[in-house]
Protein chains: 4
Amino acid sequence: MSERGFASDNYAGVHPEILQALAEVNTGHEPAYGDDAVTARLGEVVRGHFGDLAQVFCVFNGTGANVVALQSACRPWEAVICARNAHIDADEGGAPERVAGIKLHTVDTPDGKLTAELLDTQAWGFGVVHRAQPRVVSITQSSELGTVYTPDEIRAITTRAHELGLLVHLDGARISNAAASLGVPLRAFTTDAGVDLVSLGGTKNGAMAAEAVVVLEPSIADAVPFVRKTFMQLSSKMRFISAQLIALFENDLWLRSATHANAMAQRLRDGIANLDGVQVTQSVQANAVFAILPAVVTARLQERHHFYVWDHRTGEVRLMCSWDTTEADVDAFASDVATELATELARPNS
Amino acid sequence: MSERGFASDNYAGVHPEILQALAEVNTGHEPAYGDDAVTARLGEVVRGHFGDLAQVFCVFNGTGANVVALQSACRPWEAVICARNAHIDADEGGAPERVAGIKLHTVDTPDGKLTAELLDTQAWGFGVVHRAQPRVVSITQSSELGTVYTPDEIRAITTRAHELGLLVHLDGARISNAAASLGVPLRAFTTDAGVDLVSLGGTKNGAMAAEAVVVLEPSIADAVPFVRKTFMQLSSKMRFISAQLIALFENDLWLRSATHANAMAQRLRDGIANLDGVQVTQSVQANAVFAILPAVVTARLQERHHFYVWDHRTGEVRLMCSWDTTEADVDAFASDVATELATELARPNS
Amino acid sequence: MSERGFASDNYAGVHPEILQALAEVNTGHEPAYGDDAVTARLGEVVRGHFGDLAQVFCVFNGTGANVVALQSACRPWEAVICARNAHIDADEGGAPERVAGIKLHTVDTPDGKLTAELLDTQAWGFGVVHRAQPRVVSITQSSELGTVYTPDEIRAITTRAHELGLLVHLDGARISNAAASLGVPLRAFTTDAGVDLVSLGGTKNGAMAAEAVVVLEPSIADAVPFVRKTFMQLSSKMRFISAQLIALFENDLWLRSATHANAMAQRLRDGIANLDGVQVTQSVQANAVFAILPAVVTARLQERHHFYVWDHRTGEVRLMCSWDTTEADVDAFASDVATELATELARPNS
Amino acid sequence: MSERGFASDNYAGVHPEILQALAEVNTGHEPAYGDDAVTARLGEVVRGHFGDLAQVFCVFNGTGANVVALQSACRPWEAVICARNAHIDADEGGAPERVAGIKLHTVDTPDGKLTAELLDTQAWGFGVVHRAQPRVVSITQSSELGTVYTPDEIRAITTRAHELGLLVHLDGARISNAAASLGVPLRAFTTDAGVDLVSLGGTKNGAMAAEAVVVLEPSIADAVPFVRKTFMQLSSKMRFISAQLIALFENDLWLRSATHANAMAQRLRDGIANLDGVQVTQSVQANAVFAILPAVVTARLQERHHFYVWDHRTGEVRLMCSWDTTEADVDAFASDVATELATELARPNS
């Protein structure tokens with residue numbers, strides 16, 4: 001196996017600056033459960049990015065951030081509209097349904113992105129008790145398919161949602177990759193685009209375990225501390241989560257790391273897109289490349305490189321780049337793809 | 001404020017050896033979600049303590065460990081018997097009820113400890129649909145009141161529980177303090193005493209955020225990975241939790257730290273127990289001291305030292321020692337108690 | 001077995017006037033789910049009893065009424081204060097916890113009744129995320145032990161609850177028996193005493209299956225229709241529940257039946273209270289008699305009469321009278337008690 | 001408004017034979033909660049239809065039957081595969097998700113019916129904790145679109161499901177209409193076709209409020225009584241539900257009523273299918289007719305007849321026939337359709 005594969009940005013370790021930050025806050029006693037000075041400083045950092053009304057609540061992981069955010073906005077009969085195969089739909093073990101009791105009204109999308117028109121297909125039945133009542137629209141930035149919403153696209157969604165009395169949640173597990181891709185500040189497609197709630201991701205961008213709920217619509221904020229505790233996402237020694245997020249977002253580490261990961265994905269796409277037998281299936285806008293390869297080629301590559309098949313039916317694979325992916329990693333992989341494809345195409349019956 | 005108070009073992013930071021362990025495992029990519037080599041090694045470490053059948057599942061925090069453990073053992077209509085004011089009853093924001101849907105049948109205890117006789121007061125109604133069916137007995141070692149079960153006391157509970165078809169869960173958020181107090185291995189009052197499920201605590205004993213569910217009764221183990229994921233307690237970069245627990249439990253750090261914290265609690269009790277106006281209310285067997293002080297004395301002390309009032313009605317306070325509490329911390333606090341009591345007793349109308 | 005025992009007011013059938021009412025509303029089509037003329041008329045009937053602001057929502061059973069009412073008033077981290085062994089605590093299979101996710105903070109009581117002082121023992125920790133936040137006080141009228149709150153006693157509870165920002169729910173599964181006992185209108189100890197939410201019982205007083213949530217505090221009402229549906233308590237052919245409640249409450253059937261059941265309980269107490277070997281344990285204020293009998297006498301009586309042992313430890317039994325209990329039923333039972341006690345006392349070693 | 005419209009089979013009242021049955025079992029006391037002689041007799045009746053292993057558990061309504069059945073088969077991380085817009089997906093206010101915590105993996109279908117191939121599109125990810133684990137396939141007979149599965153079609157689904165280790169639940173809210181349509185006994189497409197769990201419907205076929213869970217796979221049965229109680233679906237005076245189901249299923253009332261309703265739907269389709277401007281959209285196999293009408297015609301018809309628009313986008317309406325729909329009702333409605341269409345088509349700009 002190669003040292004660093006393309007399986008997930010979760011396979012990467014912790015950025016040295018973040019590890020250093022943990023050591024720096026490890027000085028004596030601090031009040032537990034978020035009443036510490038480090039967490040207070042994180043509040044300032046987050047307000048710097050998302051505006052003066054933003055409130056930040058650290059949690060342990062992305063599923064925790066999403067479920068705490070959605071539960072804080074929904075009453076027991078309310079539902080969330082999202083893309084089918086959004087992380088909350090496909091990858092959280094049914095946590096939104098089991099833990100928060102929230103029904104997801106899912107919408108098929110070609111590229112992982114909702115639109116105002118698509119959300120309308122599920123935004124109906126208001127006041128009718130038979131239908132779980134739509135309350136939140138959840139979008140993912142960057143999406144599960146590596147695509148990125150522009151600020152205008154998000155504004156169109158929040159405008160329509162707010163017209164309908166719905167809130168908008170942005171699952172930002174890879175929010176930094178999106179901002180790096182767009183070349184805009186985080187607030188350009190959140191606060192300034194009308195988003196109400198953000199799951200702010202750190203782990204996939206070089207943190208150890210650091211996510212947060214950022215509340216932009218103040219009326220929701222009162223619920224979050226209670227939901228976070230009851231939903232088992234309240235860290236006792238919270239300063240160590242806050243320190244990770246500060247290390248990422250106080251200066252430009254978030255942007256440096258995400259820009260690098262995105263660049264590696266571009267390099268990877270460039271390295272394989274024109275090969276005979278490869279079909280890149282989604283626009284590469286963040287740190288993911290989706291491509292269809294011959295199954296036999298995929299199998300051979302997986303003997304040396306970690307990566308996942310996304311769709312066994314079509315042979316589509318997902319290739320994720322991370323903050324520590326190197327040009328050499330990419331080039332070696334692309335080269336192996338080329339070699340395996342050539343071998344395969346040279347076989348008599350292929 | 002003094003640098004280190006007696007508010008909680010959660011106020012302490014991270015032991016340097018644990019911080020070092022985080023750095024050591026931060027080398028390149030590792031499979032996410034527990035399929036990594038570090039987590040595999042933790043399995044060996046845990047089997048070394050709890051026996052060959054033990055299975056370990058890392059989670060983020062103690063509430064997570066307890067709720068994942070209990071849910072893995074309970075069907076939707078089943079209930080847990082525990083001491084009233086156990087952590088699951090009093091300090092988890094209703095997570096067992098809200099997240100797992102589990103009713104707690106609580107029992108009043110004088111010292112935070114259940115007995116076979118006390119559990120019998122709630123272990124009834126089997127087969128009667130009107131009563132949430134008892135399925136698990138949950139005990140806390142050391143207890144919320146700083147007391148410690150002997151292995152024989154736990155054996156008496158597990159024997160009775162098993163006769164009734166019940167499982168026994170041990171909330172070991174402070175399991176190291178209990179073992180240090182008893183001078184026995186961890187398995188003496190868990191595996192060897194018939195316990196089925198353990199919440200293994202690391203955070204309160206010098207870790208950053210590291211807890212685990214340890215399954216001793218194999219029939220439960222299949223459920224845990226799924227419950228852990230759905231209940232939002234699955235860490236993507238799990239090696240960094242595993243590394244903390246390895247650092248604690250591979251050698252004797254767990255025991256050194258807990259022994260020290262316990263000794264500081266003894267020193268604290270010795271320093272204040274005989275003062276006029278102080279009544280130590282619970283036997284000091286682990287790292288907590290419970291004592292009744294005059295309210296005015298408590299108020300004055302809280303201007304300089306962090307600690308909590310446990311019972312406003314009686315004036316009982318809780319004083320927790322941690323791995324980094326120093327003799328000087330204890331002596332300074334005890335001296336302040338003495339001074340404030342003397343001042344108070346000298347007042348004309350006191 | 002005697003035809004009518006004293007096991008439960010649920011063992012009784014349906015009052016003929018209620019059966020007649022079902023036939024009368026069975027005329028052609030009516031809109032489903034409560035949009036029918038019969039249900040509209042029930043609204044008027046309920047407003048006649050509980051005042052112009054009262055809103056009524058039919059449900060299927062008492063557990064449904066309680067859980068829908070409590071969920072409509074609680075957010076996901078909120079809790080309910082109630083007497084230990086209230087129906088919601090002891091007899092609903094953990095439905096409040098499992099279905100609504102609500103923690104119950106229970107209070108021991110001597111007679112099944114809360115007081116302002118008793119509720120204070122659990123009404124604390126407001127704003128502290130570690131404690132499931134008290135939101136509702138639930139009382140039962142008449143109580144599980146056959147006792148009845150006076151309007152003043154309820155007023156004292158609602159006053160204290162409202163001071164604390166808590167709502168008050170009254171579980172009125174046997175509300176008619178309480179009103180009959182007190183000789184006051186239903187509103188005297190509900191609307192006029194500051195109660196916010198009522199579970200209005202019909203089934204135990206001669207209906208087939210007819211209960212309702214009555215909302216007196218209008219701010220809660222918006223939630224109820226949605227919670228009722230999602231919690232599986234919305235009847236499609238609702239007119240047939242409404243008709244039962246109209247038959248009970250439009251005229252005086254509710255009062256006639258409850259007065260009769262209460263009178264039978266008094267007659268039963270009078271018949272056995274002075275027998276050697278009988279100890280009546282609770283004041284007989286509604287339709288239940290609680291008494292301690294020798295176990296051997298209980299066993300013999302149960303060969304001929306249905307009734308339940310309430311507490312196997314003490315030998316306390318519960319004897320319930322219903323709308324169709326006759327004087328002859330009571331006298332036959334009391335006579336059998338006397339005979340069995342005499343036989344038992346005459347035994348050489350008794 | 002006409003007396004009987006085509007809005008829902010729930011708008012109809014109670015069949016006189018069922019009302020009579022209620023009166024007949026209203027004789028004195030019977031043990032509550034299902035321990036009565038009437039419910040015992042229902043067991044025999046159900047075994048007569050579904051075979052000797054069938055176990056029946058009465059509940060209040062269809063949502064209750066479905067959620068109790070599914071919860072009894074699923075652990076906390078398990079999921080149900082069903083057609084998108086199945087009743088459990090579209091019409092139960094999110095009860096499966098909120099109350100049972102069950103994620104629905106939905107599949108688009110052209111006619112409301114799953115197939116083995118369609119279920120395969122969601123039956124994957126077994127053993128992968130990130131995906132809510134498929135455990136049950138739920139099908140609806142007759143479907144929400146008025147179509148009916150043949151026994152062979154169901155057998156194909158159960159065969160595939162069982163190969164995958166999945167159970168099959170049949171939502172039989174309109175099971176009688178399906179059997180009448182197919183001309184086969186109930187067991188032909190349930191017990192004999194490999195179905196494991198049935199929601200047996202009575203209410204839509206002339207009962208007042210009578211549904212049941214019928215367990216055909218015995219390993220599930222132990223859970224049902226507890227789930228039914230905890231999920232608030234246990235009737236105290238159960239004999240009155242059992243009596244309704246006996247009245248329906250002991251003799252041929254179920255079949256007479258369903259056959260009639262189906263015939264009325266055929267007559268309705270015949271009366272409108274060939275009209276200019278009407279497009280019947282689904283095969284009429286049970287008691288529902290789906291058809292597209294011009295919106296203006298629909299609006300005019302709704303001034304005189306109760307019925308619902310199914311899809312506002314296309315103008316599709318749903319017309320339900322019930323046990324008491326008359327030929328005159330059908331003919332009057334069809335005639336009004338013809339008249340309104342003619343009027344509309346005669347308008348200059350139409």
# chains A, B, ... in the order shown; residues from 1 in each chain; ligands from 1
call {"tool": "interface_residues", "arguments": {"of": "chain C", "to": "chain B", "cutoff": "9 Å", "atoms": "only C-alpha atoms", "output": "list in words"}}
result
Pro76, Trp77, Glu78, Ala79, Asp89, Ala90, Asp91, Glu92, Gly93, Gly94, Ala95, Pro96, Glu97, Arg98, Val99, Ala100, Gly101, Ile102, Lys103, Leu104, Val128, Val129, His130, Arg131, Ala132 and Gln133 of chain C
call {"tool": "write_last_selection", "arguments": {"atoms": "C-alpha atoms", "output": "PDB file, in the first residue's frame"}}
result
ATOM      1  CA  PRO C  76     -36.396  17.594  23.319  1.00  0.00           C
ATOM      2  CA  TRP C  77     -34.414  18.280  26.470  1.00  0.00           C
ATOM      3  CA  GLU C  78     -37.303  18.975  28.799  1.00  0.00           C
ATOM      4  CA  ALA C  79     -38.683  16.881  31.607  1.00  0.00           C
ATOM      5  CA  ASP C  89     -44.332   6.577  35.626  1.00  0.00           C
ATOM      6  CA  ALA C  90     -45.557   3.115  36.482  1.00  0.00           C
ATOM      7  CA  ASP C  91     -48.140   1.925  34.010  1.00  0.00           C
ATOM      8  CA  GLU C  92     -47.373   3.140  30.527  1.00  0.00           C
ATOM      9  CA  GLY C  93     -44.595   0.774  29.560  1.00  0.00           C
ATOM     10  CA  GLY C  94     -42.116   3.628  29.466  1.00  0.00           C
ATOM     11  CA  ALA C  95     -44.062   5.434  26.730  1.00  0.00           C
ATOM     12  CA  PRO C  96     -43.202   8.950  27.927  1.00  0.00           C
ATOM     13  CA  GLU C  97     -39.515   8.078  27.788  1.00  0.00           C
ATOM     14  CA  ARG C  98     -39.501   5.880  24.681  1.00  0.00           C
ATOM     15  CA  VAL C  99     -41.998   7.676  22.505  1.00  0.00           C
ATOM     16  CA  ALA C 100     -41.653  11.278  23.638  1.00  0.00           C
ATOM     17  CA  GLY C 101     -38.101  11.052  24.984  1.00  0.00           C
ATOM     18  CA  ILE C 102     -39.223  12.777  28.159  1.00  0.00           C
ATOM     19  CA  LYS C 103     -37.447  12.191  31.439  1.00  0.00           C
ATOM     20  CA  LEU C 104     -39.665  11.985  34.493  1.00  0.00           C
ATOM     21  CA  VAL C 128     -28.016  23.917  33.584  1.00  0.00           C
ATOM     22  CA  VAL C 129     -27.604  21.700  30.544  1.00  0.00           C
ATOM     23  CA  HIS C 130     -26.606  18.653  32.567  1.00  0.00           C
ATOM     24  CA  ARG C 131     -30.067  18.361  34.049  1.00  0.00           C
ATOM     25  CA  ALA C 132     -33.108  17.460  31.939  1.00  0.00           C
ATOM     26  CA  GLN C 133     -34.981  20.729  32.266  1.00  0.00           C
TER      27      GLN C 133
END
call {"tool": "residues_around", "arguments": {"residues": "C:Asp9", "least_positions_apart": "5", "cutoff": "8 Å", "atoms": "only C-alpha atoms", "output": "NGL selection string"}}
result
:C and (204-205 or 320-323)
call {"tool": "residues_around", "arguments": {"residues": "stretch 257-264 of chain C", "least_positions_apart": "3", "cutoff": "8 Å", "atoms": "only C-alpha atoms", "output": "list in words"}}
result
Ser176, Asn177, Ala180, Ser181, Asn205, Gly206, Leu253, Trp254, Arg267, Leu268, Gln285, Ala286, Asn287, Ala288, Cys321, Ser322, Trp323, Asp324, Thr325, Thr326, Glu327 and Val330 of chain C
call {"tool": "select_by_dssp", "arguments": {"residues": "stretch 84-159 of chain D", "states": "strand (DSSP E)", "output": "PyMOL selection string"}}
result
chain D and resi 103-107+133-140
call {"tool": "write_last_selection", "arguments": {"atoms": "C-alpha atoms", "output": "tab-separated table (two decimals), in the first residue's frame"}}
result
chain	number	residue	atom	x	y	z
D	103	LYS	CA	-35.20	5.22	8.46
D	104	LEU	CA	-37.13	4.49	5.29
D	105	HIS	CA	-35.10	3.68	2.21
D	106	THR	CA	-37.59	4.66	-0.46
D	107	VAL	CA	-37.83	3.48	-4.06
D	133	GLN	CA	-29.21	-1.38	7.83
D	134	PRO	CA	-32.08	-2.69	5.71
D	135	ARG	CA	-34.12	-5.13	7.76
D	136	VAL	CA	-37.69	-5.10	6.48
D	137	VAL	CA	-39.30	-4.66	3.08
D	138	SER	CA	-42.75	-3.12	3.42
D	139	ILE	CA	-45.32	-3.44	0.65
D	140	THR	CA	-48.89	-2.19	0.53
call {"tool": "closest_atom_pairs", "arguments": {"of": "stretch 65-152 of chain B", "to": "stretch 211-217 of chain B", "cutoff": "9 Å", "atoms": "only C-alpha atoms", "output": "Markdown table"}}
result
| residue | atom | partner | partner_atom | distance |
| --- | --- | --- | --- | --- |
| B:Ala65 | CA | B:Val213 | CA | 5.5 |
| B:Asn66 | CA | B:Val213 | CA | 7.7 |
| B:Val68 | CA | B:Val213 | CA | 7.6 |
| B:Ala69 | CA | B:Val213 | CA | 6.2 |
call {"tool": "residues_around", "arguments": {"residues": "A:Asp152", "least_positions_apart": "4", "cutoff": "8 Å", "atoms": "only C-alpha atoms", "output": "list in words"}}
result
Ala156, Phe189 and Ala193 of chain A
call {"tool": "write_last_selection", "arguments": {"atoms": "N, CA and C atoms", "output": "mmCIF file, in the first residue's frame"}}
result
data_model
loop_
_atom_site.group_PDB
_atom_site.id
_atom_site.type_symbol
_atom_site.label_atom_id
_atom_site.label_comp_id
_atom_site.auth_asym_id
_atom_site.auth_seq_id
_atom_site.Cartn_x
_atom_site.Cartn_y
_atom_site.Cartn_z
ATOM 1 N N ALA A 156 -30.336 31.793 -3.876
ATOM 2 C CA ALA A 156 -31.615 31.418 -4.505
ATOM 3 C C ALA A 156 -32.361 30.399 -3.642
ATOM 4 N N PHE A 189 -21.032 32.746 1.317
ATOM 5 C CA PHE A 189 -22.078 31.779 0.934
ATOM 6 C C PHE A 189 -22.808 31.226 2.158
ATOM 7 N N ALA A 193 -25.416 34.951 2.420
ATOM 8 C CA ALA A 193 -26.333 34.316 1.464
ATOM 9 C C ALA A 193 -27.607 33.835 2.137
#
call {"tool": "closest_residue", "arguments": {"among": "A:Gln122, A:Gln244, A:Thr109, A:Thr339", "to": "A:Leu166", "atoms": "only C-alpha atoms"}}
result
A:Gln122
call {"tool": "select_by_dssp", "arguments": {"residues": "stretch 156-269 of chain C", "states": "helix (DSSP H, G or I)", "output": "ChimeraX atom specification"}}
result
/C:156-163,175-182,186-189,191-193,203-205,218-220,223-230,239-249,253-269
call {"tool": "residues_around", "arguments": {"residues": "B:Glu24", "least_positions_apart": "3", "cutoff": "12 Å", "atoms": "only C-alpha atoms", "output": "list of chain:residue names"}}
result
A:Gly13, A:Val14, A:Pro16, A:Leu19, B:Glu17, B:Ile18, B:Leu19, B:Gln20, B:Ala21, B:Thr27, B:Gly28, B:Val38, B:Arg239, B:Phe240, B:Ser242, B:Ala243, B:Gln244, B:Ile246, B:Ala247
call {"tool": "atom_distance", "arguments": {"atom1": "atom CA of A:Pro110", "atom2": "atom CA of A:Gly201"}}
result
24.4 Å
call {"tool": "atom_distance", "arguments": {"atom1": "atom CA of D:Val224", "atom2": "atom CA of D:Ala32"}}
result
17.2 Å
call {"tool": "atom_distance", "arguments": {"atom1": "atom CA of B:Gln279", "atom2": "atom CA of B:Ile292"}}
result
5.1 Å
call {"tool": "closest_residue", "arguments": {"among": "B:Leu234, B:Val45, B:Ala188, B:Val227", "to": "A:Ala209", "atoms": "only C-alpha atoms"}}
result
B:Leu234
call {"tool": "decode", "arguments": {"residues": "stretch 198-218 of chain D", "atoms": "C-alpha atoms", "output": "JSON list (two decimals), in the first residue's frame"}}
result
[["chain", "number", "residue", "atom", "x", "y", "z"],
["D", 198, "VAL", "CA", -49.29, -8.06, 8.22],
["D", 199, "SER", "CA", -51.10, -4.91, 9.18],
["D", 200, "LEU", "CA", -54.67, -6.15, 9.01],
["D", 201, "GLY", "CA", -57.11, -3.40, 8.21],
["D", 202, "GLY", "CA", -60.70, -3.17, 9.29],
["D", 203, "THR", "CA", -61.53, 0.51, 9.56],
["D", 204, "LYS", "CA", -61.48, 1.31, 5.85],
["D", 205, "ASN", "CA", -63.75, -1.68, 5.20],
["D", 206, "GLY", "CA", -66.62, -0.72, 7.48],
["D", 207, "ALA", "CA", -65.24, -1.00, 11.00],
["D", 208, "MET", "CA", -65.27, 1.88, 13.49],
["D", 209, "ALA", "CA", -61.63, 1.69, 14.59],
["D", 210, "ALA", "CA", -60.17, -1.78, 14.30],
["D", 211, "GLU", "CA", -56.78, -2.77, 13.00],
["D", 212, "ALA", "CA", -54.35, -5.46, 14.00],
["D", 213, "VAL", "CA", -50.81, -6.67, 13.64],
["D", 214, "VAL", "CA", -50.78, -10.26, 12.43],
["D", 215, "VAL", "CA", -47.46, -12.00, 12.98],
["D", 216, "LEU", "CA", -46.71, -14.89, 10.64],
["D", 217, "GLU", "CA", -43.01, -15.28, 11.43],
["D", 218, "PRO", "CA", -43.12, -16.45, 15.03]]
